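Data from work-v1.cif: mmCIF, C-alpha atoms and all ligand atoms
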```cif
data_data
loop_
_atom_site.label_atom_id
_atom_site.label_comp_id
_atom_site.auth_asym_id
_atom_site.auth_seq_id
_atom_site.Cartn_x
_atom_site.Cartn_y
_atom_site.Cartn_z
CA MET A 1120 -80.91 -154.58 32.40
CA SER A 1121 -82.41 -151.27 31.18
CA GLY A 1122 -80.49 -148.30 29.78
CA TYR A 1123 -80.80 -146.25 32.97
CA THR A 1124 -79.98 -146.79 36.61
CA LEU A 1125 -81.30 -144.43 39.25
CA TYR A 1126 -79.50 -144.29 42.58
CA TRP A 1127 -82.13 -143.19 45.04
CA LYS A 1128 -82.85 -142.80 48.72
CA PRO A 1129 -86.28 -142.66 50.38
CA GLY A 1130 -87.42 -139.12 51.20
CA SER A 1131 -84.70 -137.56 49.04
CA GLY A 1132 -84.43 -135.43 45.91
CA SER A 1133 -84.29 -138.56 43.78
CA MET A 1134 -88.10 -138.50 43.95
CA VAL A 1135 -88.38 -135.96 41.13
CA VAL A 1136 -86.00 -137.95 38.94
CA GLU A 1137 -87.99 -141.13 39.44
CA ALA A 1138 -91.16 -139.17 38.62
CA ALA A 1139 -89.52 -137.87 35.42
CA LEU A 1140 -88.41 -141.36 34.36
CA ARG A 1141 -91.94 -142.61 34.93
CA MET A 1142 -93.40 -139.63 33.02
CA VAL A 1143 -91.10 -140.49 30.11
CA GLY A 1144 -92.12 -144.13 30.37
CA VAL A 1145 -88.61 -145.47 29.90
CA ALA A 1146 -87.47 -148.63 31.71
CA PHE A 1147 -84.96 -148.06 34.47
CA ASP A 1148 -83.21 -149.98 37.21
CA SER A 1149 -83.02 -148.62 40.69
CA VAL A 1150 -80.38 -148.91 43.35
CA ARG A 1151 -81.71 -148.03 46.78
CA ILE A 1152 -79.34 -146.24 49.14
CA ASN A 1153 -80.26 -146.86 52.73
CA ASP A 1154 -77.84 -144.74 54.71
CA ALA A 1155 -75.06 -142.18 54.54
CA ALA A 1156 -72.35 -144.88 54.71
CA GLU A 1157 -73.47 -146.26 51.35
CA LEU A 1158 -72.95 -142.82 49.79
CA ASP A 1159 -69.38 -142.75 51.06
CA THR A 1160 -68.05 -145.94 49.44
CA PRO A 1161 -65.37 -145.72 46.72
CA ALA A 1162 -67.85 -147.26 44.27
CA PHE A 1163 -70.48 -144.58 44.91
CA ARG A 1164 -67.94 -141.72 45.04
CA ALA A 1165 -66.75 -142.87 41.61
CA LEU A 1166 -70.27 -142.16 40.37
CA ASN A 1167 -70.71 -138.89 42.25
CA PRO A 1168 -67.69 -137.49 44.11
CA ALA A 1169 -70.08 -135.35 46.17
CA GLY A 1170 -71.55 -138.53 47.67
CA LYS A 1171 -75.13 -137.46 47.13
CA VAL A 1172 -78.26 -138.72 45.43
CA PRO A 1173 -79.83 -138.48 42.95
CA VAL A 1174 -77.50 -140.02 40.40
CA LEU A 1175 -78.61 -141.33 37.03
CA ALA A 1176 -76.25 -143.67 35.19
CA CYS A 1177 -76.95 -144.08 31.49
CA ALA A 1178 -75.85 -147.25 29.67
CA SER A 1179 -74.78 -145.01 26.78
CA GLY A 1180 -72.05 -143.52 28.98
CA PRO A 1181 -72.85 -140.47 31.05
CA VAL A 1182 -73.37 -140.62 34.78
CA ILE A 1183 -75.31 -137.54 35.81
CA ALA A 1184 -75.53 -135.98 39.27
CA GLU A 1185 -77.45 -132.86 40.39
CA SER A 1186 -81.22 -133.12 40.26
CA ALA A 1187 -81.78 -130.20 37.87
CA ALA A 1188 -79.04 -131.39 35.49
CA ILE A 1189 -80.58 -134.87 35.38
CA LEU A 1190 -84.02 -133.44 34.58
CA LEU A 1191 -82.62 -131.22 31.83
CA ALA A 1192 -80.75 -134.20 30.36
CA LEU A 1193 -83.91 -136.33 30.36
CA ASP A 1194 -85.81 -133.48 28.70
CA ASP A 1195 -83.11 -133.33 26.01
CA LEU A 1196 -83.17 -137.08 25.50
CA PHE A 1197 -86.97 -137.39 25.41
CA PRO A 1198 -88.35 -134.04 24.18
CA GLU A 1199 -91.59 -135.74 23.08
CA ALA A 1200 -92.34 -136.60 26.74
CA ARG A 1201 -92.79 -132.88 27.46
CA LEU A 1202 -91.12 -132.95 30.83
CA LEU A 1203 -90.67 -129.26 30.05
CA PRO A 1204 -92.41 -127.04 27.48
CA PRO A 1205 -91.09 -127.34 23.89
CA HIS A 1206 -87.45 -126.36 23.39
CA GLY A 1207 -86.89 -122.88 22.02
CA THR A 1208 -90.10 -121.42 23.45
CA PRO A 1209 -90.36 -118.70 26.10
CA ALA A 1210 -92.30 -121.19 28.24
CA HIS A 1211 -89.30 -123.55 28.19
CA THR A 1212 -86.96 -120.76 29.29
CA THR A 1213 -89.26 -119.80 32.14
CA ALA A 1214 -89.68 -123.40 33.31
CA VAL A 1215 -85.89 -123.87 33.31
CA GLN A 1216 -85.44 -120.60 35.18
CA TRP A 1217 -87.75 -121.70 38.03
CA LEU A 1218 -86.22 -125.17 38.09
CA VAL A 1219 -82.74 -123.71 38.53
CA PHE A 1220 -84.06 -121.17 41.04
CA MET A 1221 -85.41 -123.97 43.21
CA ALA A 1222 -82.35 -126.20 42.81
CA THR A 1223 -79.95 -123.43 43.78
CA ASN A 1224 -82.00 -121.66 46.45
CA ILE A 1225 -84.76 -123.70 48.06
CA TYR A 1226 -83.10 -127.15 47.94
CA PRO A 1227 -79.91 -125.90 49.69
CA ALA A 1228 -82.04 -123.99 52.22
CA ALA A 1229 -83.92 -127.21 53.01
CA LEU A 1230 -80.58 -128.92 53.65
CA ARG A 1231 -79.54 -126.08 55.99
CA TYR A 1232 -82.93 -126.38 57.73
CA TYR A 1233 -82.63 -130.13 58.35
CA TYR A 1234 -78.88 -130.38 58.84
CA PRO A 1235 -77.88 -127.00 60.36
CA ALA A 1236 -74.81 -128.39 62.12
CA ARG A 1237 -73.26 -129.24 58.75
CA HIS A 1238 -73.32 -125.56 57.83
CA THR A 1239 -71.28 -124.00 60.61
CA THR A 1240 -67.99 -124.62 62.38
CA ASP A 1241 -69.64 -123.42 65.62
CA THR A 1242 -70.77 -126.55 67.48
CA SER A 1243 -73.14 -124.76 69.91
CA PRO A 1244 -76.89 -125.49 69.76
CA GLN A 1245 -77.44 -121.73 69.36
CA ALA A 1246 -75.44 -121.68 66.13
CA ALA A 1247 -77.47 -124.57 64.72
CA ASP A 1248 -80.71 -122.81 65.75
CA ALA A 1249 -79.61 -119.61 64.01
CA ILE A 1250 -78.79 -121.50 60.78
CA ARG A 1251 -82.15 -123.26 60.90
CA GLN A 1252 -84.08 -120.05 61.54
CA GLN A 1253 -82.38 -118.28 58.66
CA ALA A 1254 -83.01 -121.27 56.39
CA ALA A 1255 -86.72 -121.08 57.27
CA ARG A 1256 -86.75 -117.36 56.44
CA ASP A 1257 -85.00 -118.05 53.15
CA MET A 1258 -87.55 -120.71 52.24
CA ASP A 1259 -90.47 -118.47 53.24
CA ARG A 1260 -89.09 -115.77 50.93
CA ASP A 1261 -88.32 -118.12 48.04
CA PHE A 1262 -91.61 -120.05 48.15
CA ALA A 1263 -93.35 -116.63 48.16
CA ARG A 1264 -91.36 -115.71 45.02
CA LEU A 1265 -92.45 -118.95 43.40
CA ALA A 1266 -96.08 -118.37 44.45
CA SER A 1267 -96.00 -114.87 42.97
CA ALA A 1268 -95.27 -116.40 39.55
CA PHE A 1269 -98.00 -119.01 39.93
CA GLN A 1270 -100.66 -118.96 37.22
CA GLY A 1271 -102.65 -121.99 38.42
CA PRO A 1272 -103.31 -124.78 38.69
CA PHE A 1273 -99.63 -125.30 37.78
CA LEU A 1274 -96.81 -122.78 37.91
CA ALA A 1275 -97.16 -121.82 34.25
CA GLY A 1276 -100.89 -122.37 33.87
CA GLN A 1277 -102.76 -125.40 32.60
CA THR A 1278 -99.85 -127.65 31.64
CA MET A 1279 -97.82 -129.53 34.23
CA SER A 1280 -94.06 -129.74 33.82
CA VAL A 1281 -91.35 -131.38 35.86
CA THR A 1282 -90.71 -127.93 37.37
CA ASP A 1283 -94.07 -128.33 39.15
CA VAL A 1284 -93.06 -131.75 40.43
CA TYR A 1285 -89.82 -130.24 41.75
CA ALA A 1286 -91.79 -127.52 43.57
CA ALA A 1287 -94.13 -130.12 45.10
CA MET A 1288 -91.15 -132.18 46.29
CA LEU A 1289 -89.56 -129.19 48.03
CA ALA A 1290 -92.89 -128.17 49.55
CA ASP A 1291 -93.24 -131.63 51.07
CA TRP A 1292 -90.02 -130.98 52.98
CA TYR A 1293 -91.21 -127.67 54.43
CA GLU A 1294 -94.56 -127.64 56.22
CA PRO A 1295 -95.21 -123.85 55.97
CA ALA A 1296 -94.97 -124.03 52.16
CA LYS A 1297 -97.90 -126.46 52.08
CA THR A 1298 -100.12 -123.89 53.78
CA MET A 1299 -99.66 -121.43 50.88
CA PRO A 1300 -102.79 -121.70 48.69
CA GLU A 1301 -100.85 -121.65 45.41
CA ILE A 1302 -98.39 -124.31 46.52
CA SER A 1303 -101.09 -126.46 48.08
CA MET A 1304 -103.08 -126.39 44.81
CA LEU A 1305 -99.96 -127.23 42.82
CA VAL A 1306 -99.12 -130.20 45.09
CA SER A 1307 -102.59 -131.69 44.88
CA ARG A 1308 -102.78 -131.28 41.09
CA VAL A 1309 -99.29 -132.72 40.55
CA LEU A 1310 -100.28 -135.79 42.58
CA GLU A 1311 -103.18 -136.47 40.19
CA ASN A 1312 -100.53 -137.60 37.71
CA PRO A 1313 -100.02 -141.37 38.21
CA ALA A 1314 -96.32 -141.25 37.30
CA VAL A 1315 -95.75 -138.63 39.98
CA SER A 1316 -97.91 -140.25 42.63
CA ASP A 1317 -96.13 -143.60 42.11
CA ALA A 1318 -92.70 -141.99 42.58
CA TRP A 1319 -94.05 -139.96 45.54
CA ARG A 1320 -95.35 -143.08 47.28
CA HIS A 1321 -92.27 -145.16 46.42
CA HIS A 1322 -90.05 -142.49 47.97
CA GLY A 1323 -92.21 -142.28 51.12
CA PHE A 1324 -93.22 -138.69 50.48
CA GLY A 1325 -96.20 -137.22 52.31
CA LYS A 1326 -94.62 -138.05 55.65
CA GLN A 1327 -90.85 -137.68 55.92
CA ALA A 1328 -88.05 -135.18 55.44
CA ALA A 1329 -84.99 -135.13 53.21
N1 LIG B 1401 -77.56 -130.17 44.65
C1 LIG B 1401 -77.87 -131.58 44.76
C2 LIG B 1401 -78.25 -131.89 46.20
C3 LIG B 1401 -78.31 -133.38 46.44
C4 LIG B 1401 -78.43 -133.70 47.93
O1 LIG B 1401 -78.04 -132.92 48.82
N2 LIG B 1401 -78.98 -134.89 48.18
C5 LIG B 1401 -79.14 -135.32 49.54
C6 LIG B 1401 -80.49 -136.03 49.70
S1 LIG B 1401 -81.85 -134.94 49.47
C7 LIG B 1401 -78.06 -136.32 49.88
O2 LIG B 1401 -77.70 -137.16 49.09
N3 LIG B 1401 -77.54 -136.22 51.10
C8 LIG B 1401 -76.62 -137.18 51.59
C9 LIG B 1401 -75.60 -136.59 52.46
O3 LIG B 1401 -75.38 -135.38 52.36
O4 LIG B 1401 -75.03 -137.35 53.22
C10 LIG B 1401 -79.00 -131.94 43.79
O5 LIG B 1401 -79.77 -131.06 43.39
O6 LIG B 1401 -79.06 -133.11 43.38
#
```

Spit out the file's structure as structure tokens when you get a sec.
Amino acid sequence: MSGYTLYWKPGSGSMVVEAALRMVGVAFDSVRINDAAELDTPAFRALNPAGKVPVLACASGPVIAESAAILLALDDLFPEARLLPPHGTPAHTTAVQWLVFMATNIYPAALRYYYPARHTTDTSPQAADAIRQQAARDMDRDFARLASAFQGPFLAGQTMSVTDVYAAMLADWYEPAKTMPEISMLVSRVLENPAVSDAWRHHGFGKQAA
């Protein structure tokens, strides 16, 4: 048994965590979640009361939920892996800022887009349509904000960070984002990294939604 266990689901936000673990090069075990029922067991809720993946359990003790928090923890544990720019630099602060921006804006908008009925008490199809349309608008706006900061070929210039992998993951969930030249360049460059492309393929990205 390795020191880390990743709870993951195909097509989900656990992709970026698997990519990060592979970028670090640390051994990890994986527990595949196949459906929503498996997220709702007492055993899984004990790991993450929210009943969501990704979750990373560390043999040293902590069990971490929330994709951005897991990535920040891995960056703290393995600073030499350069998941993010060196600690204490302006580049690090900027990379964290965009990571948190995506985790708190685009990721939730993608969930509203794919699961609109979960976001309203109104059960009419019109209500779900309205939620979905607004989610699309929110993602159009927020991907445009991300693109406006893009230096190329990665968000912050020549060096890839896990923030870029996060952006590529979200773009794969939202077709219009992939048509933006900056985002499309970022996705293709991120996938040149073997650690990322392995996680991408393993999670079934390139074809399915969250
Ligand atoms: N804020 C969380 C969101 C996690 C999340 O919503 N994960 C989805 C998969 S992409 C999930 O587990 N959904 C299961 C469900 O809601 O039933 C994060 O960043 O990790």

Neighbours of ligand LIG 1401 (chain B) within 9 Å, counting only C-alpha atoms and all ligand atoms, as a ChimeraX atom specification? /A:1127-1133,1154-1156,1158-1159,1169-1174,1184-1189,1222-1223,1226-1227,1229-1230,1234,1328-1329

What does the file look like for those residues with C-alpha atoms, as a short mmCIF file (atom, residue, chain, number, x, y, z; two decimals), in the coordinates of the input?
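Output below, filename again.cif:
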```cif
data_model
loop_
_atom_site.label_atom_id
_atom_site.label_comp_id
_atom_site.auth_asym_id
_atom_site.auth_seq_id
_atom_site.Cartn_x
_atom_site.Cartn_y
_atom_site.Cartn_z
CA TRP A 1127 -82.13 -143.19 45.04
CA LYS A 1128 -82.85 -142.80 48.72
CA PRO A 1129 -86.28 -142.66 50.38
CA GLY A 1130 -87.42 -139.12 51.20
CA SER A 1131 -84.70 -137.56 49.04
CA GLY A 1132 -84.43 -135.43 45.91
CA SER A 1133 -84.29 -138.56 43.78
CA ASP A 1154 -77.84 -144.74 54.71
CA ALA A 1155 -75.06 -142.18 54.54
CA ALA A 1156 -72.35 -144.88 54.71
CA LEU A 1158 -72.95 -142.82 49.79
CA ASP A 1159 -69.38 -142.75 51.06
CA ALA A 1169 -70.08 -135.35 46.17
CA GLY A 1170 -71.55 -138.53 47.67
CA LYS A 1171 -75.13 -137.46 47.13
CA VAL A 1172 -78.26 -138.72 45.43
CA PRO A 1173 -79.83 -138.48 42.95
CA VAL A 1174 -77.50 -140.02 40.40
CA ALA A 1184 -75.53 -135.98 39.27
CA GLU A 1185 -77.45 -132.86 40.39
CA SER A 1186 -81.22 -133.12 40.26
CA ALA A 1187 -81.78 -130.20 37.87
CA ALA A 1188 -79.04 -131.39 35.49
CA ILE A 1189 -80.58 -134.87 35.38
CA ALA A 1222 -82.35 -126.20 42.81
CA THR A 1223 -79.95 -123.43 43.78
CA TYR A 1226 -83.10 -127.15 47.94
CA PRO A 1227 -79.91 -125.90 49.69
CA ALA A 1229 -83.92 -127.21 53.01
CA LEU A 1230 -80.58 -128.92 53.65
CA TYR A 1234 -78.88 -130.38 58.84
CA ALA A 1328 -88.05 -135.18 55.44
CA ALA A 1329 -84.99 -135.13 53.21
#
```

Polymer residues at most 12 Å from A:Ser1316, all atoms listed in the file, same-chain spacing of 4 or more positions, as an NGL selection string: :A and (1134-1135 or 1137-1139 or 1141-1142 or 1284 or 1287-1288 or 1306-1312 or 1320-1325)

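Our summary of the geometry notes that atom CA of A:Leu1140 is positioned 11.2 Å from atom CA of A:Ala1192.
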
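Minimum distance to A:Ser1121 across A:Val1136, A:Val1143, A:Met1304, A:Ser1179 (counting all atoms listed in the file) occurs at A:Ser1179.
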
Give as a PyMOL selection string every residue, naming chains and numbers as the document does, that has an atom within 12 Å of (-91.1, -128.5, 35.0), counting all atoms listed in the file. chain A and resi 1135-1136+1138-1139+1142+1187+1190-1191+1193-1194+1200-1205+1210-1222+1273-1276+1278-1288+1305+1309

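Nearest-residue note for A:Ala1255: choosing from A:Ala1178, A:Val1145, A:Ile1225, A:Ala1314, the minimum distance belongs to A:Ile1225, counting all atoms listed in the file.
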
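Among A:Tyr1123, A:Leu1166, A:Ala1228, A:Thr1239, the residue with the shortest atom-to-atom distance to A:Gly1144, counting all atoms listed in the file, is A:Tyr1123.
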
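In this structure, atom CA of A:Arg1151 sits 6.0 Å away from atom CA of A:Tyr1126.
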
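Using only C-alpha atoms for every distance, the candidate list A:Asn1153, A:Thr1242, A:Asn1224, A:Asn1167 yields A:Asn1224 as the residue closest to A:Arg1256.
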
Could you give me, as a ChimeraX atom specification, the residues within 10 Å of A:Asp1259, counting all atoms listed in the file and dropping anything in the same chain fewer than 3 positions from it? /A:1225,1253-1256,1262-1264,1293,1295-1296,1299

Could you give me the centre and size, in Å to one decimal, of an axis-aligned box around all listed atoms of stretch 1173-1184 of chain A with 3 Å added on every side, as lines of an AutoDock Vina configuration file?
```
center_x = -75.9
center_y = -141.6
center_z = 34.9
size_x = 13.8
size_y = 17.3
size_z = 22.2
```

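When atom CA of A:Arg1164 is paired with atom CA of A:Val1182, their separation reads 11.7 Å.
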